[in-house]
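Structure first, then comments.
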Amino acid sequence: MIDDPVLLARAEAVIAAYTAAGLRIATAESCTGGLVAGLLTAVPGSSAVVERGFVTYSNDAKAEAIGVPPDLIARHGAVSEPVARAMADGALAHSRADVAVAITGIAGPGGGTADKPVGLVHFGLATKNGPVGHREARYGDLGRAEIRRRAVADALGLLESALP
């Protein structure tokens, strides 16, 4: 991701805007495996903004690291709106960040079902003084790398939207 000039330029803009606003970010990533945090921290000066990142790939990690209730995962599945919201809320609660973005999805090539196909990604966005937001993307079966790239781009968009 850090070799994508468009994504890197957006990450630089996010870091600059969050630095100017005095805000810090936490990430909670499943299908992207830390790519959002990796992209943000590729930017010089990002230590003033990126508070921490959680790679919560397994269901146990979601529960143990950021407090996603296991019964929520059992009821809705790891790739769901309620879990994405809980991941963002948990990342915010388990960090000193002001804004948290969360990503959970099915990047493929396997793992999809009729109800939850490859390319389905749920995002959560939590801020200290607002409700937890959600976005769903259905990219289609574009290949693992492209699904993850698009998810990173959409996560940046959510971080951009959270700026005052």
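In the structure tokens, chains take letters A, B, ... by order of appearance, with residues numbered from 1 within each chain and ligands from 1 in the order shown.
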
Any idea what's packed within 7 Å of region 71-73 of chain A, counting only C-alpha atoms, ignoring anything in its chain fewer than 4 positions away? Could you give it as an NGL selection string?
:A and (77-78 or 83)

Any chance you can output those residues with C-alpha atoms as a tab-separated table (two decimals), in the first residue's frame?
```
chain	number	residue	atom	x	y	z
A	77	GLY	CA	-20.74	-13.15	12.37
A	78	ALA	CA	-17.39	-11.39	12.40
A	83	VAL	CA	-19.18	-6.22	14.88
```

Exercise: region 13-15 of chain A partners within 8 Å, only C-alpha atoms, chain neighbours under 2 positions left out, as a list in words
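Once the adjacent positions are removed, what remains is Ala9, Arg10, Ala11, Ala17, Tyr18, Thr19, Leu40, Val43, Gly45, Ser46, Val49, Leu156, Leu159 and Glu160 of chain A.
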
With N, CA and C atoms retained, export the selected residues as an mmCIF file, in the first residue's frame.
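Result written to out.cif:
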```cif
data_model
loop_
_atom_site.group_PDB
_atom_site.id
_atom_site.type_symbol
_atom_site.label_atom_id
_atom_site.label_comp_id
_atom_site.auth_asym_id
_atom_site.auth_seq_id
_atom_site.Cartn_x
_atom_site.Cartn_y
_atom_site.Cartn_z
ATOM 1 N N ALA A 9 -0.482 9.845 -0.728
ATOM 2 C CA ALA A 9 -0.807 11.278 -0.687
ATOM 3 C C ALA A 9 -2.020 11.527 0.209
ATOM 4 N N ARG A 10 -3.003 10.651 0.129
ATOM 5 C CA ARG A 10 -4.175 10.801 1.010
ATOM 6 C C ARG A 10 -3.777 10.595 2.467
ATOM 7 N N ALA A 11 -2.918 9.622 2.737
ATOM 8 C CA ALA A 11 -2.460 9.391 4.105
ATOM 9 C C ALA A 11 -1.696 10.607 4.620
ATOM 10 N N ALA A 17 -3.840 16.890 8.542
ATOM 11 C CA ALA A 17 -5.089 17.441 9.073
ATOM 12 C C ALA A 17 -5.301 17.048 10.535
ATOM 13 N N TYR A 18 -5.004 15.796 10.869
ATOM 14 C CA TYR A 18 -5.149 15.370 12.260
ATOM 15 C C TYR A 18 -4.109 16.045 13.153
ATOM 16 N N THR A 19 -2.912 16.263 12.643
ATOM 17 C CA THR A 19 -1.885 16.981 13.407
ATOM 18 C C THR A 19 -2.369 18.398 13.704
ATOM 19 N N LEU A 40 -0.542 4.785 7.235
ATOM 20 C CA LEU A 40 -0.460 6.032 8.000
ATOM 21 C C LEU A 40 0.927 6.235 8.595
ATOM 22 N N VAL A 43 4.075 7.798 6.828
ATOM 23 C CA VAL A 43 4.172 9.258 6.697
ATOM 24 C C VAL A 43 5.039 9.814 7.820
ATOM 25 N N GLY A 45 6.227 12.020 10.726
ATOM 26 C CA GLY A 45 5.441 12.805 11.672
ATOM 27 C C GLY A 45 4.175 12.119 12.135
ATOM 28 N N SER A 46 3.927 10.915 11.646
ATOM 29 C CA SER A 46 2.686 10.223 11.992
ATOM 30 C C SER A 46 2.618 9.835 13.465
ATOM 31 N N VAL A 49 0.071 11.434 15.534
ATOM 32 C CA VAL A 49 -1.336 11.178 15.206
ATOM 33 C C VAL A 49 -1.749 9.732 15.456
ATOM 34 N N LEU A 156 -9.520 5.462 4.807
ATOM 35 C CA LEU A 156 -9.001 6.836 4.774
ATOM 36 C C LEU A 156 -10.144 7.835 4.610
ATOM 37 N N LEU A 159 -11.794 8.359 7.896
ATOM 38 C CA LEU A 159 -10.964 9.232 8.741
ATOM 39 C C LEU A 159 -11.062 10.688 8.284
ATOM 40 N N GLU A 160 -11.091 10.904 6.982
ATOM 41 C CA GLU A 160 -11.253 12.264 6.451
ATOM 42 C C GLU A 160 -12.596 12.846 6.893
#
```

Nearest to Met87 (chain A) by atom-to-atom distance, counting only C-alpha atoms, from A:Glu29, A:Glu136, A:Asp115, A:Asp3:
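Smallest distance to Met87 (chain A) is found for A:Glu29.
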
As an exercise, work out the distance from CA of Val152 (chain A) to CA of Pro69 (chain A) in Å and give it to one decimal place.
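About the pair CA of Val152 (chain A) and CA of Pro69 (chain A): they are 24.9 Å apart.
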
Write out as a list in words all residues of region 3-125 of chain A that DSSP puts in strand (DSSP E or B) for this structure's backbone.
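Across region 3-125 of chain A, those assigned strand (DSSP E or B) are Ile25, Ala26, Thr27, Ala28, Glu29, Val50, Glu51, Arg52, Gly53, Phe54, Val55, Val99, Ala100, Val101, Ala102, Ile103, Thr104, Gly105, Leu120, Val121, His122, Phe123, Gly124 and Leu125 of chain A.
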